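K.L.:
To be precise about what I am sending: the file is called start_15.cif and holds mmCIF, C-alpha atoms.
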```cif
data_run
#
loop_
_atom_site.label_atom_id
_atom_site.label_comp_id
_atom_site.auth_asym_id
_atom_site.auth_seq_id
_atom_site.Cartn_x
_atom_site.Cartn_y
_atom_site.Cartn_z
CA MET A 1 -3.53 79.98 3.88
CA LYS A 2 -3.56 76.84 1.73
CA ASN A 3 -2.04 76.70 -1.74
CA GLN A 4 -4.50 77.53 -4.43
CA PRO A 5 -5.62 75.06 -7.14
CA ASN A 6 -2.99 74.09 -9.71
CA ASP A 7 -0.29 74.39 -7.01
CA VAL A 8 -0.10 78.20 -7.33
CA PRO A 9 2.38 79.76 -4.85
CA LYS A 10 0.99 81.67 -1.87
CA PRO A 11 0.26 85.34 -2.64
CA ASN A 12 2.13 88.43 -1.44
CA LYS A 13 5.63 87.04 -1.84
CA LYS A 14 7.79 87.76 -4.85
CA ASN A 15 9.41 84.94 -6.81
CA THR A 16 8.01 81.98 -4.90
CA ILE A 17 7.34 78.61 -6.51
CA SER A 18 5.40 75.53 -5.49
CA LEU A 19 6.89 72.47 -3.82
CA LYS A 20 5.89 70.38 -6.82
CA ILE A 21 7.82 72.62 -9.23
CA ALA A 22 10.84 72.79 -6.89
CA LYS A 23 10.97 68.99 -6.58
CA ASN A 24 10.70 68.61 -10.35
CA TRP A 25 13.56 71.05 -11.00
CA ALA A 26 15.79 69.53 -8.29
CA ASN A 27 15.17 65.98 -9.51
CA ARG A 28 15.91 67.01 -13.09
CA TRP A 29 19.22 68.60 -11.95
CA ARG A 30 20.27 65.44 -10.12
CA LYS A 31 19.40 63.26 -13.11
CA MET A 32 21.11 65.54 -15.65
CA GLU A 33 24.05 66.87 -13.62
CA SER A 34 26.61 64.29 -14.73
CA THR A 35 26.15 65.19 -18.40
CA TYR A 36 24.50 68.61 -18.06
CA ASN A 37 27.64 70.54 -17.12
CA SER A 38 29.58 69.17 -20.07
CA HIS A 39 27.38 71.07 -22.54
CA GLN A 40 25.92 73.97 -20.53
CA ASP A 41 27.62 77.19 -19.49
CA CYS A 42 26.03 78.30 -16.20
CA ARG A 43 28.62 80.28 -14.24
CA ALA A 44 26.67 82.14 -11.57
CA PHE A 45 23.27 83.43 -10.42
CA ASN A 46 22.16 87.02 -9.83
CA ILE A 47 20.18 87.13 -6.56
CA PRO A 48 17.76 90.02 -5.91
CA LEU A 49 18.06 91.35 -2.34
CA LEU A 50 14.26 91.35 -1.93
CA ASP A 51 14.21 87.55 -2.08
CA LEU A 52 16.88 87.25 0.61
CA GLN A 53 15.08 89.81 2.77
CA GLU A 54 11.80 87.89 2.46
CA VAL A 55 13.35 84.54 3.42
CA ILE A 56 15.17 86.13 6.37
CA ALA A 57 11.88 87.73 7.49
CA GLU A 58 10.43 84.22 7.87
CA GLY A 59 12.67 83.86 10.94
CA ALA A 60 15.37 81.83 9.22
CA THR A 61 18.76 81.53 10.90
CA SER A 62 20.30 80.73 7.51
CA VAL A 63 19.22 79.85 3.98
CA ARG A 64 19.79 76.76 1.87
CA ALA A 65 20.14 76.89 -1.91
CA TYR A 66 18.99 73.98 -4.04
CA ILE A 67 20.02 73.63 -7.66
CA GLY A 68 17.44 72.73 -10.28
CA VAL A 69 16.76 72.80 -13.99
CA GLU A 70 13.54 74.08 -15.54
CA LYS A 71 12.56 72.59 -18.91
CA VAL A 72 10.71 74.88 -21.29
CA ILE A 73 9.78 74.30 -24.91
CA ILE A 74 10.70 77.10 -27.28
CA GLU A 75 9.79 76.73 -30.94
CA GLY A 76 9.39 72.98 -30.47
CA GLU A 77 12.82 72.53 -28.85
CA ASN A 78 13.59 71.62 -25.23
CA VAL A 79 15.46 74.45 -23.54
CA TYR A 80 16.90 73.97 -20.06
CA ILE A 81 17.25 76.90 -17.66
CA GLU A 82 19.34 76.62 -14.50
CA LYS A 83 17.50 77.45 -11.28
CA LEU A 84 18.66 78.31 -7.80
CA MET A 85 15.93 77.80 -5.20
CA ILE A 86 16.27 79.25 -1.68
CA VAL A 87 14.48 78.09 1.48
CA GLY A 88 14.79 79.32 5.04
CA VAL A 89 16.63 77.08 7.52
CA ASP A 90 15.76 77.02 11.24
CA GLU A 91 18.07 76.90 14.27
CA ASN A 92 18.09 73.07 14.08
CA GLY A 93 19.37 73.08 10.49
CA LYS A 94 15.98 72.04 9.07
CA ASP A 95 14.39 73.50 5.95
CA MET A 96 11.48 75.75 6.94
CA ILE A 97 9.10 74.13 4.45
CA SER A 98 6.61 71.39 5.20
CA SER A 99 4.20 69.21 3.29
CA LYS A 100 1.78 66.50 4.34
CA ASP A 101 1.41 65.01 0.85
CA GLY A 102 4.93 65.63 -0.50
CA GLU A 103 3.55 67.70 -3.38
CA THR A 104 2.14 70.93 -1.93
CA LEU A 105 3.34 73.20 0.85
CA ASP A 106 1.33 73.24 4.08
CA SER A 107 -0.39 76.46 5.11
CA GLU A 108 2.11 77.00 7.96
CA SER A 109 5.11 76.29 5.73
CA GLY A 110 7.70 78.78 4.62
CA PHE A 111 8.19 79.59 0.96
CA ILE A 112 10.45 78.32 -1.80
CA TYR A 113 12.01 81.27 -3.62
CA ASP A 114 12.92 81.11 -7.30
CA PHE A 115 14.87 84.18 -8.18
CA SER A 116 16.99 82.56 -10.82
CA ARG A 117 18.78 84.75 -13.27
CA PRO A 118 21.58 82.50 -14.52
CA CYS A 119 24.80 83.76 -16.05
CA PRO A 120 24.91 83.66 -18.96
CA SER A 121 22.92 85.70 -19.90
CA PHE A 122 22.52 87.78 -16.73
CA CYS A 123 26.26 88.40 -16.37
CA ASP A 124 28.72 91.15 -15.66
CA PRO A 125 30.93 90.94 -18.76
CA ASP A 126 33.65 92.94 -16.98
CA SER A 127 33.84 90.74 -13.87
CA PRO A 128 37.15 88.93 -13.41
CA LEU A 129 35.09 85.91 -12.26
CA ASN A 130 33.30 85.76 -15.60
CA GLY A 131 36.37 84.87 -17.63
#
```
Written as structure tokens, that's how I'd like the structure from this file.
P.N.:
Amino acid sequence: MKNQPNDVPKPNKKNTISLKIAKNWANRWRKMESTYNSHQDCRAFNIPLLDLQEVIAEGATSVRAYIGVEKVIIEGENVYIEKLMIVGVDENGKDMISSKDGETLDSESGFIYDFSRPCPSFCDPDSPLNG
């Protein structure tokens, strides 16, 4: 099944995003990382089990996590939200996603999962790792 117009993720999978969005977030992270961490407080990510189960069901032998940053505008201000994107990895160590044009996933490609719930604010305030 091909991606739908406007680079909408394939249906029937929870928390998937398009290749175009994933590339944008990853590129933004790489551009901002040197100064981003000095004024942001991302400590961890909460990962729903459903997302891991879905990527494993693709036949992955492991998963790879990419770091990205989504930019949203709230009340006229840029707000940056940390993102952790997961893709399946095959037995040869290759990401199980493919694209002919570099912008949209091919119909036989795996998915890119965005299940990001960064801490803060999705934290365990009692965790010794959250100190």
K.L.:
Step by step: start from the point (15.7, 74.4, 2.2) in the file's coordinates, keep every protein, DNA or RNA residue that has an atom no farther than 7 Å from it, count all atoms listed in the file, and write the set as a list in words.
P.N.:
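Answer for this query, in the requested form: Val63, Arg64, Ala65, Ile86, Val87, Gly88, Val89, Asp95, Met96 and Ile97 of chain A.
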K.L.:
When you count only C-alpha atoms, which of these residues is closest to Gly93 of chain A: A:Thr61, A:Ala26, A:Ile47, A:Ile56?
P.N.:
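Smallest separation from Gly93 of chain A among the options: A:Thr61.
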K.L.:
The PyMOL selection byres ((chain A and resi 113) around 10) on the file shown: which residues, as an MDAnalysis selection string?
P.N.:
chainID A and resid 9 13:18 22 51:52 54:55 65 84:88 110:112 114:116
K.L.:
Would you mind reading off the distance between atom CA of Asp90 of chain A and atom CA of Gly59 of chain A, one decimal, in Å?
P.N.:
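The value is 7.5 Å.
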K.L.:
Rank nothing, just name the residue among A:Glu58, A:Arg43, A:Glu75, A:Glu91 nearest to Ser109 of chain A, using all atoms listed in the file.
P.N.:
A:Glu58
K.L.:
Quote the spacing between atom CA of Val69 of chain A and atom CA of Glu33 of chain A in Å to one decimal place.
P.N.:
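If I compute the distance from atom CA of Val69 of chain A to atom CA of Glu33 of chain A, I get 9.4 Å.
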K.L.:
Tell me which of A:Leu19, A:Leu49, A:Ser62, A:Met32 sits closest to Lys94 of chain A, counting all atoms listed in the file.
P.N.:
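That would be A:Ser62, the residue with the smallest distance to Lys94 of chain A.
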K.L.:
From the set A:Lys31, A:Asp124, A:Pro48, A:Glu108, which residue has the shortest atom-to-atom contact distance to Ile67 of chain A, counting only C-alpha atoms?
P.N.:
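The answer is A:Lys31, which sits nearest to Ile67 of chain A.
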K.L.:
List the spatial neighbours of Arg28 of chain A as a list in words - criterion: any atom at most 12 Å away, only C-alpha atoms, same-chain residues fewer than 3 positions off excluded.
P.N.:
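Residues meeting the cut-off are Ile21, Ala22, Lys23, Asn24, Trp25, Lys31, Met32, Glu33, Ser34, Thr35, Tyr36, Tyr66, Ile67, Gly68, Val69, Glu70, Lys71, Tyr80, Ile81, Glu82 and Lys83 of chain A.
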K.L.:
Measure the distance from atom CA of Asn46 of chain A to atom CA of Asp126 of chain A in Å and round it to one decimal.
P.N.:
14.8 Å
K.L.:
Pick the closest to Cys123 of chain A from A:Ala44, A:Asp101, A:Val72, A:Asp106: which is it, counting only C-alpha atoms?
P.N.:
A:Ala44
K.L.:
With N, CA, C and O atoms as the target, complete segment 59-84 of chain A and hand it back as a PDB file, in the frame of the given file.
P.N.:
```
ATOM      1  N   GLY A  59      12.080  84.291   9.677  1.00  0.00           N
ATOM      2  CA  GLY A  59      12.670  83.860  10.940  1.00  0.00           C
ATOM      3  C   GLY A  59      13.810  82.866  10.733  1.00  0.00           C
ATOM      4  O   GLY A  59      14.236  82.212  11.684  1.00  0.00           O
ATOM      5  N   ALA A  60      14.299  82.765   9.526  1.00  0.00           N
ATOM      6  CA  ALA A  60      15.370  81.830   9.220  1.00  0.00           C
ATOM      7  C   ALA A  60      16.670  82.241   9.912  1.00  0.00           C
ATOM      8  O   ALA A  60      16.962  83.429  10.044  1.00  0.00           O
ATOM      9  N   THR A  61      17.441  81.248  10.356  1.00  0.00           N
ATOM     10  CA  THR A  61      18.760  81.530  10.900  1.00  0.00           C
ATOM     11  C   THR A  61      19.825  81.433   9.807  1.00  0.00           C
ATOM     12  O   THR A  61      20.932  81.924   9.972  1.00  0.00           O
ATOM     13  N   SER A  62      19.457  80.783   8.711  1.00  0.00           N
ATOM     14  CA  SER A  62      20.300  80.730   7.510  1.00  0.00           C
ATOM     15  C   SER A  62      19.403  80.365   6.340  1.00  0.00           C
ATOM     16  O   SER A  62      18.198  80.187   6.513  1.00  0.00           O
ATOM     17  N   VAL A  63      19.971  80.277   5.159  1.00  0.00           N
ATOM     18  CA  VAL A  63      19.220  79.850   3.980  1.00  0.00           C
ATOM     19  C   VAL A  63      19.956  78.695   3.322  1.00  0.00           C
ATOM     20  O   VAL A  63      21.163  78.554   3.469  1.00  0.00           O
ATOM     21  N   ARG A  64      19.206  77.877   2.626  1.00  0.00           N
ATOM     22  CA  ARG A  64      19.790  76.760   1.870  1.00  0.00           C
ATOM     23  C   ARG A  64      19.408  76.955   0.418  1.00  0.00           C
ATOM     24  O   ARG A  64      18.262  77.268   0.102  1.00  0.00           O
ATOM     25  N   ALA A  65      20.377  76.757  -0.475  1.00  0.00           N
ATOM     26  CA  ALA A  65      20.140  76.890  -1.910  1.00  0.00           C
ATOM     27  C   ALA A  65      20.129  75.498  -2.540  1.00  0.00           C
ATOM     28  O   ALA A  65      21.056  74.711  -2.337  1.00  0.00           O
ATOM     29  N   TYR A  66      19.092  75.220  -3.268  1.00  0.00           N
ATOM     30  CA  TYR A  66      18.990  73.980  -4.040  1.00  0.00           C
ATOM     31  C   TYR A  66      19.155  74.319  -5.504  1.00  0.00           C
ATOM     32  O   TYR A  66      18.686  75.356  -5.970  1.00  0.00           O
ATOM     33  N   ILE A  67      19.804  73.443  -6.228  1.00  0.00           N
ATOM     34  CA  ILE A  67      20.020  73.630  -7.660  1.00  0.00           C
ATOM     35  C   ILE A  67      18.984  72.827  -8.411  1.00  0.00           C
ATOM     36  O   ILE A  67      18.700  71.677  -8.067  1.00  0.00           O
ATOM     37  N   GLY A  68      18.432  73.419  -9.460  1.00  0.00           N
ATOM     38  CA  GLY A  68      17.440  72.730 -10.280  1.00  0.00           C
ATOM     39  C   GLY A  68      17.551  73.161 -11.729  1.00  0.00           C
ATOM     40  O   GLY A  68      18.325  74.064 -12.069  1.00  0.00           O
ATOM     41  N   VAL A  69      16.790  72.496 -12.564  1.00  0.00           N
ATOM     42  CA  VAL A  69      16.760  72.800 -13.990  1.00  0.00           C
ATOM     43  C   VAL A  69      15.299  72.816 -14.436  1.00  0.00           C
ATOM     44  O   VAL A  69      14.585  71.827 -14.267  1.00  0.00           O
ATOM     45  N   GLU A  70      14.872  73.953 -14.973  1.00  0.00           N
ATOM     46  CA  GLU A  70      13.540  74.080 -15.540  1.00  0.00           C
ATOM     47  C   GLU A  70      13.602  73.700 -17.021  1.00  0.00           C
ATOM     48  O   GLU A  70      14.545  74.079 -17.716  1.00  0.00           O
ATOM     49  N   LYS A  71      12.634  72.919 -17.481  1.00  0.00           N
ATOM     50  CA  LYS A  71      12.560  72.590 -18.910  1.00  0.00           C
ATOM     51  C   LYS A  71      11.419  73.377 -19.519  1.00  0.00           C
ATOM     52  O   LYS A  71      10.285  73.313 -19.051  1.00  0.00           O
ATOM     53  N   VAL A  72      11.728  74.154 -20.550  1.00  0.00           N
ATOM     54  CA  VAL A  72      10.710  74.880 -21.290  1.00  0.00           C
ATOM     55  C   VAL A  72      10.840  74.495 -22.761  1.00  0.00           C
ATOM     56  O   VAL A  72      11.910  74.084 -23.214  1.00  0.00           O
ATOM     57  N   ILE A  73       9.760  74.614 -23.477  1.00  0.00           N
ATOM     58  CA  ILE A  73       9.780  74.300 -24.910  1.00  0.00           C
ATOM     59  C   ILE A  73       9.664  75.613 -25.664  1.00  0.00           C
ATOM     60  O   ILE A  73       8.707  76.364 -25.489  1.00  0.00           O
ATOM     61  N   ILE A  74      10.671  75.898 -26.475  1.00  0.00           N
ATOM     62  CA  ILE A  74      10.700  77.100 -27.280  1.00  0.00           C
ATOM     63  C   ILE A  74      10.826  76.691 -28.742  1.00  0.00           C
ATOM     64  O   ILE A  74      11.797  76.025 -29.113  1.00  0.00           O
ATOM     65  N   GLU A  75       9.842  77.077 -29.518  1.00  0.00           N
ATOM     66  CA  GLU A  75       9.790  76.730 -30.940  1.00  0.00           C
ATOM     67  C   GLU A  75      10.013  75.229 -31.160  1.00  0.00           C
ATOM     68  O   GLU A  75      10.775  74.805 -32.014  1.00  0.00           O
ATOM     69  N   GLY A  76       9.341  74.420 -30.324  1.00  0.00           N
ATOM     70  CA  GLY A  76       9.390  72.980 -30.470  1.00  0.00           C
ATOM     71  C   GLY A  76      10.649  72.311 -29.928  1.00  0.00           C
ATOM     72  O   GLY A  76      10.773  71.094 -29.990  1.00  0.00           O
ATOM     73  N   GLU A  77      11.565  73.072 -29.379  1.00  0.00           N
ATOM     74  CA  GLU A  77      12.820  72.530 -28.850  1.00  0.00           C
ATOM     75  C   GLU A  77      12.832  72.607 -27.323  1.00  0.00           C
ATOM     76  O   GLU A  77      12.377  73.588 -26.739  1.00  0.00           O
ATOM     77  N   ASN A  78      13.391  71.574 -26.679  1.00  0.00           N
ATOM     78  CA  ASN A  78      13.590  71.620 -25.230  1.00  0.00           C
ATOM     79  C   ASN A  78      14.720  72.579 -24.914  1.00  0.00           C
ATOM     80  O   ASN A  78      15.807  72.469 -25.478  1.00  0.00           O
ATOM     81  N   VAL A  79      14.450  73.511 -24.013  1.00  0.00           N
ATOM     82  CA  VAL A  79      15.460  74.450 -23.540  1.00  0.00           C
ATOM     83  C   VAL A  79      15.518  74.292 -22.028  1.00  0.00           C
ATOM     84  O   VAL A  79      14.484  74.276 -21.358  1.00  0.00           O
ATOM     85  N   TYR A  80      16.725  74.162 -21.487  1.00  0.00           N
ATOM     86  CA  TYR A  80      16.900  73.970 -20.060  1.00  0.00           C
ATOM     87  C   TYR A  80      17.477  75.234 -19.436  1.00  0.00           C
ATOM     88  O   TYR A  80      18.444  75.794 -19.926  1.00  0.00           O
ATOM     89  N   ILE A  81      16.854  75.669 -18.333  1.00  0.00           N
ATOM     90  CA  ILE A  81      17.250  76.900 -17.660  1.00  0.00           C
ATOM     91  C   ILE A  81      17.647  76.544 -16.220  1.00  0.00           C
ATOM     92  O   ILE A  81      16.850  75.960 -15.476  1.00  0.00           O
ATOM     93  N   GLU A  82      18.860  76.893 -15.841  1.00  0.00           N
ATOM     94  CA  GLU A  82      19.340  76.620 -14.500  1.00  0.00           C
ATOM     95  C   GLU A  82      18.544  77.414 -13.486  1.00  0.00           C
ATOM     96  O   GLU A  82      18.199  78.569 -13.721  1.00  0.00           O
ATOM     97  N   LYS A  83      18.282  76.810 -12.340  1.00  0.00           N
ATOM     98  CA  LYS A  83      17.500  77.450 -11.280  1.00  0.00           C
ATOM     99  C   LYS A  83      18.225  77.299  -9.954  1.00  0.00           C
ATOM    100  O   LYS A  83      18.826  76.269  -9.668  1.00  0.00           O
ATOM    101  N   LEU A  84      18.172  78.341  -9.156  1.00  0.00           N
ATOM    102  CA  LEU A  84      18.660  78.310  -7.800  1.00  0.00           C
ATOM    103  C   LEU A  84      17.463  78.612  -6.910  1.00  0.00           C
ATOM    104  O   LEU A  84      16.848  79.671  -7.033  1.00  0.00           O
TER     105      LEU A  84
END
```
